[in-house]
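Everything on this sheet refers to the single structure shown next.
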Amino acid sequence: MSTIVEKTSDGIIYRAAKTYPVPDLDVLTLLFDSEHCLAKPDTPIHISAAEPSLILTTSRARELTHATSAALRKHFGIGANGTGKDICSVISTGHYLLPVLSYGIIGAGGVFSAASAASTASELSKQLQGAQSRILVTVEGTKDVAVKAAEEAGWGPNGGGRVLLMSEGKEWELKIIGDNSRPGQNIINQNDKLPWQKVTDPYELENSLVVLIYSSGTTGLPKGVKLSHRNLVSEAVIPGDMFKSWIQSTRPDFEYRTIAHLPTAHIAGIQGYLINPFYMGGPVYWMPRFDFAQFLAYNAKYKITFFFTVPPIYLLIAKSPAVTDQFKTLEIAISGAAPLGKELQYAASQKLGGEECFISQTWGLSETTGSATIMPMGMSDDTGSVSPLIPNMLARLVDDDGKDVEPGQPGEVLVKGPVVCKGYYENDAANKEAFTGDWFHTGDIAVFLNGLFYIVDRKKELIKYKGLQVAPAELEALLLSHPDILDAAVIGVEVDDGTNEVPRAYVVADSTKIDAKGIVAFVKGKVANHKQLRGGVVFLDAVPKSPAGKILRKDLRVLAKRGQGAKL
């Protein structure tokens, strides 16, 4: 799939040569009632990995979706005053019934808003208040945090009857917590049905609010990202139809099976588990949380053929002797959420099957509903790129003054198209900063070469030393190529002159095998003078990361401030 570069009055525009039609449908109609979706009524779409007899077929999911929508409307008025107004927050580990809750909330006219299962009560309380949530749904494992958060948000003792506990086993239940008038009442009545409203009006699809997802907050406070029917449908259909075309022409016997192991509060979980596999007509095997040994066992047991995961998990795959033939059925492996250095990309691919299953990289954000770039099926790249732009999307690369840079030069990526979000929830300042007209400023620095995009780093994370820029991701990829370094992160630390930053490495390694001097020397022989680890090397037990696998550099900066500045 070639990328077209055009010089226009708007600047230098990048786009895919091909586009795909996106149907004018809401996301539930797309999945349950359209010829575009490959799932049939009896197709298993969600399965418990631990107990595979627990299965949701399309028809069963429809029944439970209608009953859930009816219960939320009846007991809490969700959607009664119009769609897109009632935020329904959810804190949950992964399980096969979670999709029913999401479909039921959307079907009632509410807004599905997932919170990280790792949230503290204080963090969750801030999210509830910021979103002005109507209800909070939890599972047993996060119940105490949920109730405390609701109390801190001012909902009343035990959450004031607005906290619901959802079942994770065979029967689908939503039980009210903390309402003395109806303690433990299951509000689901499967005889009650509330079918969703089919939406076909393009304006309404474009401007709807159905998912509110909070950005990872790796560089600042999380922001509520507003996703529409159009966003979710486009992110399912465009990559999905690329995938379908490959299957029809090259692999007609391909069977789509994936495994849910990433957080469901991340866009990869929401789009990648709740929607895309359903569209492709294949099951998702649900793990409650990531466990590497179980992940290996389930890939082998269920003959997983497709997954998206993050660099820390590819790092485990590359360096763990426990990986043998568990991935022999895997045909498509995609990496995203953070840069994957080409050395690690190659090393992990060798463990997955080499050329038969070479990892491709995608790039995107919560604000782009997931992937904004993707490698066409049947193609591969081993140069460290994040693939071409997906069809139907436009991109520009600009300098700090907003002027377009020439191809081959680094610039901030601006994008526009059907997967770009509808802005931030109740945050005009963030919208003003992030959007110039329809163009969304991603904050990522990239280079375009030979039809492919290469992410240099986050704009806010680039280290500036004597007028030169240092990308932490480049140094991290280099450090991870060392066999004795298990994990690594790099930040800039201020030097005593107050005007420069220098790179400091935080590593997970056995210091009896390699010490700080050895790491500095290793880097010195491989990068330019301004990229040297002048800020030193600090050994950690673990690199702090978000549940989605992104390095939490703000936590490392807190560590750095406790120490002294670096010397020039």
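Following the order of the structure tokens, first chain is A, next is B, and so on, with residues numbered from 1 inside each chain and ligands from 1 in the order they appear.
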Might you pull out every residue within 8 Å of A:Gly341, with only C-alpha atoms counted and same-chain residues fewer than 3 positions away left off, and present them as a PyMOL selection string? chain A and resi 344-345+384+473-474+476-478
I'd like the contact shell of A:Thr309 - 7 Å cut-off, only C-alpha atoms, skipping same-chain residues fewer than 4 positions apart - returned as JSON, numbers by chain. {"A": [313, 334, 335, 336]}
With distances taken over only C-alpha atoms, which of A:Gly408, A:Gly378, A:Gly364, A:Gly282 is nearest to A:Leu38?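 Residue with the minimum atom-to-atom distance to A:Leu38: A:Gly282.
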Spatial neighbours of A:Val520, 8 Å, only C-alpha atoms, chain gap at least 3 places, as an NGL selection string: :A and (516-517 or 523-524 or 532-533 or 536-537)
Tell me which protein, DNA and RNA residues are within 10 Å of A:Asn427, counting only C-alpha atoms, leaving out same-chain ones fewer than 2 positions away, and put them as a PyMOL selection string. chain A and resi 130+223-225+423-425+429-432
Just to be explicit: take each residue in the selection above, keep C-alpha atoms, and write the result as a compact mmCIF listing (two decimals), in the first residue's frame.
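Heads up, here's the output in again-v3.txt:
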```txt
# COMPACT_ATOMS: atom_id res chain seq x y z
CA GLY A 130 -14.30 15.04 36.24
CA LYS A 223 -7.67 13.89 29.98
CA GLY A 224 -11.06 12.50 28.97
CA VAL A 225 -10.98 11.60 25.25
CA GLY A 423 -11.88 16.48 21.53
CA TYR A 424 -11.50 16.38 25.31
CA TYR A 425 -14.37 16.20 27.75
CA ALA A 429 -7.97 24.60 27.19
CA ALA A 430 -6.79 21.14 26.12
CA ASN A 431 -8.89 21.33 22.95
CA LYS A 432 -7.42 24.70 22.03
```
Leaving out stretch 291-298 of chain A and any residue of its chain fewer than 6 positions from it, which residues lie within 10 Å of it when counting only C-alpha atoms, given as a PyMOL selection string? chain A and resi 49-50+259-261+285+304+313+316-317+320+322-327
Now that the selection is made, can you save its residues with N, CA and C atoms as a PDB file, in the first residue's frame?
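What ended up in part.pdb:
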```pdb
ATOM      1  N   ALA A  49     -10.761 -17.482  29.311  1.00  0.00           N
ATOM      2  CA  ALA A  49      -9.568 -18.301  29.075  1.00  0.00           C
ATOM      3  C   ALA A  49      -9.389 -19.341  30.174  1.00  0.00           C
ATOM      4  N   ALA A  50      -9.721 -18.976  31.413  1.00  0.00           N
ATOM      5  CA  ALA A  50      -9.546 -19.899  32.530  1.00  0.00           C
ATOM      6  C   ALA A  50     -10.600 -20.991  32.535  1.00  0.00           C
ATOM      7  N   ILE A 259      -6.289 -12.977  22.198  1.00  0.00           N
ATOM      8  CA  ILE A 259      -6.309 -13.142  23.651  1.00  0.00           C
ATOM      9  C   ILE A 259      -6.288 -11.774  24.318  1.00  0.00           C
ATOM     10  N   ALA A 260      -7.237 -11.548  25.217  1.00  0.00           N
ATOM     11  CA  ALA A 260      -7.334 -10.276  25.946  1.00  0.00           C
ATOM     12  C   ALA A 260      -6.435 -10.346  27.168  1.00  0.00           C
ATOM     13  N   HIS A 261      -5.358  -9.564  27.144  1.00  0.00           N
ATOM     14  CA  HIS A 261      -4.391  -9.584  28.244  1.00  0.00           C
ATOM     15  C   HIS A 261      -3.936  -8.186  28.642  1.00  0.00           C
ATOM     16  N   TYR A 285     -10.287 -14.636  23.890  1.00  0.00           N
ATOM     17  CA  TYR A 285     -10.125 -15.395  25.132  1.00  0.00           C
ATOM     18  C   TYR A 285      -9.653 -14.424  26.214  1.00  0.00           C
ATOM     19  N   ILE A 304      -3.849 -19.335  19.401  1.00  0.00           N
ATOM     20  CA  ILE A 304      -4.039 -17.916  19.085  1.00  0.00           C
ATOM     21  C   ILE A 304      -3.344 -17.601  17.762  1.00  0.00           C
ATOM     22  N   ILE A 313       6.037  -6.682  26.898  1.00  0.00           N
ATOM     23  CA  ILE A 313       5.722  -8.105  26.743  1.00  0.00           C
ATOM     24  C   ILE A 313       6.581  -8.724  25.648  1.00  0.00           C
ATOM     25  N   LEU A 316       9.793  -9.545  27.274  1.00  0.00           N
ATOM     26  CA  LEU A 316       9.732 -10.830  27.985  1.00  0.00           C
ATOM     27  C   LEU A 316       9.853 -11.995  27.005  1.00  0.00           C
ATOM     28  N   ILE A 317       9.143 -11.900  25.887  1.00  0.00           N
ATOM     29  CA  ILE A 317       9.190 -12.974  24.887  1.00  0.00           C
ATOM     30  C   ILE A 317      10.607 -13.153  24.360  1.00  0.00           C
ATOM     31  N   SER A 320      13.003 -14.422  27.598  1.00  0.00           N
ATOM     32  CA  SER A 320      12.638 -15.509  28.507  1.00  0.00           C
ATOM     33  C   SER A 320      12.924 -16.883  27.895  1.00  0.00           C
ATOM     34  N   ALA A 322      11.563 -19.467  28.867  1.00  0.00           N
ATOM     35  CA  ALA A 322      10.305 -20.229  28.937  1.00  0.00           C
ATOM     36  C   ALA A 322       9.580 -20.254  27.603  1.00  0.00           C
ATOM     37  N   VAL A 323       9.926 -19.339  26.689  1.00  0.00           N
ATOM     38  CA  VAL A 323       9.266 -19.288  25.384  1.00  0.00           C
ATOM     39  C   VAL A 323       9.889 -20.344  24.479  1.00  0.00           C
ATOM     40  N   THR A 324       9.057 -21.303  24.070  1.00  0.00           N
ATOM     41  CA  THR A 324       9.525 -22.363  23.160  1.00  0.00           C
ATOM     42  C   THR A 324       8.651 -22.357  21.907  1.00  0.00           C
ATOM     43  N   ASP A 325       7.610 -23.185  21.901  1.00  0.00           N
ATOM     44  CA  ASP A 325       6.761 -23.265  20.701  1.00  0.00           C
ATOM     45  C   ASP A 325       5.330 -22.792  20.962  1.00  0.00           C
ATOM     46  N   GLN A 326       5.129 -21.991  22.015  1.00  0.00           N
ATOM     47  CA  GLN A 326       3.759 -21.585  22.376  1.00  0.00           C
ATOM     48  C   GLN A 326       3.089 -20.731  21.303  1.00  0.00           C
ATOM     49  N   PHE A 327       3.881 -20.124  20.422  1.00  0.00           N
ATOM     50  CA  PHE A 327       3.318 -19.209  19.435  1.00  0.00           C
ATOM     51  C   PHE A 327       3.329 -19.801  18.024  1.00  0.00           C
TER      52      PHE A 327
END
```
Which parts of stretch 14-163 of chain A does DSSP call helix (DSSP H, G or I) when run on the backbone here, written out as an MDAnalysis selection string? chainID A and resid 27:33 58:76 98:108 121:131 140:152 157:159
Rounded to one decimal place, report the atom CA of A:Ala509-atom CA of A:Leu315 distance in Å. 13.5 Å
Any idea what's packed within 10 Å of A:Leu556, counting only C-alpha atoms, ignoring anything in its chain fewer than 6 positions away? Could you give it as a list in words?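 Final neighbour list, sorted by chain and number: Ala489, Val490, Ile491, Gly492, Val493, Arg504, Ala505, Tyr506, Val543 and Pro544 of chain A.
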Any chance you can output those residues with C-alpha atoms as a PDB file, in the first residue's frame?
```
ATOM      1  CA  ALA A 489      14.209   3.950  30.501  1.00  0.00           C
ATOM      2  CA  VAL A 490      15.906   7.266  29.740  1.00  0.00           C
ATOM      3  CA  ILE A 491      15.028  10.798  30.814  1.00  0.00           C
ATOM      4  CA  GLY A 492      16.760  14.158  30.638  1.00  0.00           C
ATOM      5  CA  VAL A 493      18.148  15.586  33.868  1.00  0.00           C
ATOM      6  CA  ARG A 504      20.220   9.500  32.385  1.00  0.00           C
ATOM      7  CA  ALA A 505      19.478   5.789  32.112  1.00  0.00           C
ATOM      8  CA  TYR A 506      17.367   3.838  34.596  1.00  0.00           C
ATOM      9  CA  VAL A 543      10.944   0.571  35.450  1.00  0.00           C
ATOM     10  CA  PRO A 544       7.684   2.356  36.349  1.00  0.00           C
TER      11      PRO A 544
END
```
Coordinates-based distance that separates atom CA of A:Leu365 from atom CA of A:Glu235 (Å, one decimal):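 If I compute the distance from atom CA of A:Glu235 to atom CA of A:Leu365, I get 12.0 Å.
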Hey, can you check how far atom CA of A:Trp439 sits from atom CA of A:Gly11?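 Taking atom CA of A:Trp439 and atom CA of A:Gly11, their separation equals 11.8 Å.
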Just the strand (DSSP E or B) stuff from stretch 153-251 of chain A, please, per backbone DSSP, written as number ranges by chain. A: 163-166, 174-177, 186, 211-214, 224-227
Would you output that residue set with N, CA and C atoms, as a compact mmCIF listing (two decimals), in the first residue's frame?
```txt
# COMPACT_ATOMS: atom_id res chain seq x y z
N VAL A 163 -23.16 2.44 43.05
CA VAL A 163 -22.09 1.52 42.71
C VAL A 163 -22.69 0.13 42.48
N LEU A 164 -22.33 -0.48 41.36
CA LEU A 164 -22.87 -1.79 40.99
C LEU A 164 -21.75 -2.82 40.89
N LEU A 165 -22.02 -4.01 41.38
CA LEU A 165 -21.07 -5.12 41.29
C LEU A 165 -21.53 -6.05 40.17
N MET A 166 -20.65 -6.26 39.17
CA MET A 166 -21.03 -7.15 38.07
C MET A 166 -20.45 -8.54 38.27
N LEU A 174 -25.99 -7.66 37.73
CA LEU A 174 -25.53 -6.35 38.20
C LEU A 174 -26.22 -6.09 39.53
N LYS A 175 -25.44 -6.11 40.62
CA LYS A 175 -26.01 -5.96 41.95
C LYS A 175 -25.66 -4.60 42.54
N ILE A 176 -26.65 -3.98 43.15
CA ILE A 176 -26.45 -2.66 43.77
C ILE A 176 -25.73 -2.83 45.09
N ILE A 177 -24.71 -2.00 45.31
CA ILE A 177 -23.97 -1.99 46.57
C ILE A 177 -24.42 -0.78 47.39
N ASN A 186 -30.10 -7.71 42.30
CA ASN A 186 -29.68 -7.86 40.91
C ASN A 186 -30.69 -7.14 40.03
N VAL A 211 -18.02 6.58 23.99
CA VAL A 211 -16.93 6.09 24.85
C VAL A 211 -16.15 7.30 25.33
N LEU A 212 -15.87 7.33 26.62
CA LEU A 212 -15.01 8.36 27.21
C LEU A 212 -13.83 7.63 27.83
N ILE A 213 -12.67 7.80 27.21
CA ILE A 213 -11.48 7.08 27.66
C ILE A 213 -10.46 8.09 28.16
N TYR A 214 -9.82 7.76 29.25
CA TYR A 214 -8.86 8.69 29.83
C TYR A 214 -7.46 8.36 29.36
N GLY A 224 -9.98 13.33 29.49
CA GLY A 224 -11.06 12.50 28.97
C GLY A 224 -11.18 12.67 27.46
N VAL A 225 -10.94 11.58 26.72
CA VAL A 225 -10.98 11.60 25.25
C VAL A 225 -12.36 11.14 24.79
N LYS A 226 -13.03 11.99 23.99
CA LYS A 226 -14.40 11.70 23.54
C LYS A 226 -14.37 10.93 22.22
N LEU A 227 -14.93 9.73 22.22
CA LEU A 227 -14.98 8.92 21.01
C LEU A 227 -16.43 8.73 20.57
```
Return as CSV the residues of stretch 103-142 of chain A lying at most 8 Å from stretch 262-272 of chain A, together with the closest atom-to-atom pair for each and the distance in Å to one decimal, counting only C-alpha atoms, with rows in chain order and ascending residue number.
```
residue,atom,partner,partner_atom,distance
A:Ser113,CA,A:Ala265,CA,8.0
A:Ala114,CA,A:Ala265,CA,4.7
A:Ala115,CA,A:Ala265,CA,5.3
A:Ser116,CA,A:Ala265,CA,5.2
A:Ala117,CA,A:Pro263,CA,7.6
```
How would the residues just chosen look if you wrote them out with C-alpha atoms as a PDB file, in the first residue's frame?
```
ATOM      1  CA  SER A 113     -16.016   5.144  30.506  1.00  0.00           C
ATOM      2  CA  ALA A 114     -13.426   2.644  31.717  1.00  0.00           C
ATOM      3  CA  ALA A 115     -10.968   3.365  34.515  1.00  0.00           C
ATOM      4  CA  SER A 116      -7.709   1.525  35.069  1.00  0.00           C
ATOM      5  CA  ALA A 117      -8.063  -1.449  37.407  1.00  0.00           C
TER       6      ALA A 117
END
```
Leaving out A:Ile551 and any residue of its chain fewer than 4 positions from it, which residues lie within 12 Å of it when counting only C-alpha atoms, given as an NGL selection string? :A and (216-219 or 310-312 or 337-339 or 458 or 461 or 472-473 or 476 or 487-491 or 506 or 542-547 or 555-557)
What does the file look like for those residues with N, CA and C atoms, as a PDB file, in the first residue's frame?
```
ATOM      1  N   SER A 216      -3.393   8.165  29.095  1.00  0.00           N
ATOM      2  CA  SER A 216      -2.561   7.474  30.081  1.00  0.00           C
ATOM      3  C   SER A 216      -1.916   8.401  31.092  1.00  0.00           C
ATOM      4  N   GLY A 217      -1.794   9.679  30.779  1.00  0.00           N
ATOM      5  CA  GLY A 217      -1.213  10.601  31.739  1.00  0.00           C
ATOM      6  C   GLY A 217       0.259  10.373  31.998  1.00  0.00           C
ATOM      7  N   THR A 218       1.001   9.928  30.969  1.00  0.00           N
ATOM      8  CA  THR A 218       2.431   9.664  31.162  1.00  0.00           C
ATOM      9  C   THR A 218       3.230  10.946  31.295  1.00  0.00           C
ATOM     10  N   THR A 219       2.737  12.056  30.750  1.00  0.00           N
ATOM     11  CA  THR A 219       3.461  13.321  30.853  1.00  0.00           C
ATOM     12  C   THR A 219       2.691  14.360  31.654  1.00  0.00           C
ATOM     13  N   VAL A 310       2.342  -5.018  23.738  1.00  0.00           N
ATOM     14  CA  VAL A 310       3.177  -3.846  23.981  1.00  0.00           C
ATOM     15  C   VAL A 310       4.639  -4.249  24.153  1.00  0.00           C
ATOM     16  N   PRO A 311       5.570  -3.306  23.967  1.00  0.00           N
ATOM     17  CA  PRO A 311       6.994  -3.645  24.026  1.00  0.00           C
ATOM     18  C   PRO A 311       7.455  -4.383  25.286  1.00  0.00           C
ATOM     19  N   PRO A 312       6.962  -4.060  26.503  1.00  0.00           N
ATOM     20  CA  PRO A 312       7.431  -4.826  27.659  1.00  0.00           C
ATOM     21  C   PRO A 312       7.139  -6.324  27.551  1.00  0.00           C
ATOM     22  N   ALA A 337       1.735   1.258  21.401  1.00  0.00           N
ATOM     23  CA  ALA A 337       1.662   1.971  22.684  1.00  0.00           C
ATOM     24  C   ALA A 337       2.974   2.644  23.054  1.00  0.00           C
ATOM     25  N   ALA A 338       4.092   2.142  22.556  1.00  0.00           N
ATOM     26  CA  ALA A 338       5.407   2.734  22.814  1.00  0.00           C
ATOM     27  C   ALA A 338       6.352   2.239  21.726  1.00  0.00           C
ATOM     28  N   PRO A 339       7.468   2.938  21.505  1.00  0.00           N
ATOM     29  CA  PRO A 339       8.400   2.498  20.458  1.00  0.00           C
ATOM     30  C   PRO A 339       8.996   1.124  20.748  1.00  0.00           C
ATOM     31  N   ARG A 458       8.209  11.346  21.917  1.00  0.00           N
ATOM     32  CA  ARG A 458       7.233  12.350  22.298  1.00  0.00           C
ATOM     33  C   ARG A 458       7.895  13.723  22.290  1.00  0.00           C
ATOM     34  N   GLU A 461       9.164  14.866  25.532  1.00  0.00           N
ATOM     35  CA  GLU A 461      10.166  14.024  26.186  1.00  0.00           C
ATOM     36  C   GLU A 461      11.547  14.125  25.550  1.00  0.00           C
ATOM     37  N   PRO A 472      14.858   9.828  23.858  1.00  0.00           N
ATOM     38  CA  PRO A 472      14.990   8.737  24.822  1.00  0.00           C
ATOM     39  C   PRO A 472      14.744   7.363  24.214  1.00  0.00           C
ATOM     40  N   ALA A 473      13.776   7.262  23.291  1.00  0.00           N
ATOM     41  CA  ALA A 473      13.441   5.953  22.720  1.00  0.00           C
ATOM     42  C   ALA A 473      14.630   5.318  22.003  1.00  0.00           C
ATOM     43  N   GLU A 476      16.904   3.952  24.693  1.00  0.00           N
ATOM     44  CA  GLU A 476      16.260   2.792  25.332  1.00  0.00           C
ATOM     45  C   GLU A 476      16.366   1.552  24.462  1.00  0.00           C
ATOM     46  N   ASP A 487      15.552  -4.325  31.280  1.00  0.00           N
ATOM     47  CA  ASP A 487      14.621  -3.241  30.962  1.00  0.00           C
ATOM     48  C   ASP A 487      15.357  -1.928  31.150  1.00  0.00           C
ATOM     49  N   ALA A 488      14.862  -0.881  30.512  1.00  0.00           N
ATOM     50  CA  ALA A 488      15.555   0.405  30.569  1.00  0.00           C
ATOM     51  C   ALA A 488      14.616   1.551  30.242  1.00  0.00           C
ATOM     52  N   ALA A 489      14.912   2.709  30.814  1.00  0.00           N
ATOM     53  CA  ALA A 489      14.209   3.950  30.501  1.00  0.00           C
ATOM     54  C   ALA A 489      15.214   5.081  30.580  1.00  0.00           C
ATOM     55  N   VAL A 490      14.989   6.125  29.784  1.00  0.00           N
ATOM     56  CA  VAL A 490      15.906   7.266  29.740  1.00  0.00           C
ATOM     57  C   VAL A 490      15.104   8.549  29.887  1.00  0.00           C
ATOM     58  N   ILE A 491      15.605   9.457  30.715  1.00  0.00           N
ATOM     59  CA  ILE A 491      15.028  10.798  30.814  1.00  0.00           C
ATOM     60  C   ILE A 491      16.158  11.816  30.759  1.00  0.00           C
ATOM     61  N   TYR A 506      17.860   4.647  33.471  1.00  0.00           N
ATOM     62  CA  TYR A 506      17.367   3.838  34.596  1.00  0.00           C
ATOM     63  C   TYR A 506      17.222   2.412  34.057  1.00  0.00           C
ATOM     64  N   ALA A 542      12.481  -2.242  39.029  1.00  0.00           N
ATOM     65  CA  ALA A 542      11.527  -2.260  37.910  1.00  0.00           C
ATOM     66  C   ALA A 542      11.367  -0.856  37.374  1.00  0.00           C
ATOM     67  N   VAL A 543      11.223  -0.725  36.071  1.00  0.00           N
ATOM     68  CA  VAL A 543      10.944   0.571  35.450  1.00  0.00           C
ATOM     69  C   VAL A 543       9.458   0.880  35.630  1.00  0.00           C
ATOM     70  N   PRO A 544       9.111   2.047  36.168  1.00  0.00           N
ATOM     71  CA  PRO A 544       7.684   2.356  36.349  1.00  0.00           C
ATOM     72  C   PRO A 544       6.968   2.495  35.010  1.00  0.00           C
ATOM     73  N   LYS A 545       5.844   1.800  34.898  1.00  0.00           N
ATOM     74  CA  LYS A 545       5.085   1.835  33.642  1.00  0.00           C
ATOM     75  C   LYS A 545       3.599   1.892  33.936  1.00  0.00           C
ATOM     76  N   SER A 546       2.871   2.448  32.978  1.00  0.00           N
ATOM     77  CA  SER A 546       1.416   2.468  33.078  1.00  0.00           C
ATOM     78  C   SER A 546       0.888   1.059  32.817  1.00  0.00           C
ATOM     79  N   PRO A 547      -0.383   0.798  33.162  1.00  0.00           N
ATOM     80  CA  PRO A 547      -0.948  -0.524  32.858  1.00  0.00           C
ATOM     81  C   PRO A 547      -0.888  -0.872  31.372  1.00  0.00           C
ATOM     82  N   ASP A 555       7.353   9.757  36.836  1.00  0.00           N
ATOM     83  CA  ASP A 555       7.787   9.112  38.081  1.00  0.00           C
ATOM     84  C   ASP A 555       9.312   9.101  38.178  1.00  0.00           C
ATOM     85  N   LEU A 556       9.965   8.902  37.040  1.00  0.00           N
ATOM     86  CA  LEU A 556      11.424   8.927  37.026  1.00  0.00           C
ATOM     87  C   LEU A 556      11.946  10.339  37.304  1.00  0.00           C
ATOM     88  N   ARG A 557      11.222  11.347  36.827  1.00  0.00           N
ATOM     89  CA  ARG A 557      11.650  12.724  37.094  1.00  0.00           C
ATOM     90  C   ARG A 557      11.551  13.057  38.577  1.00  0.00           C
TER      91      ARG A 557
END
```
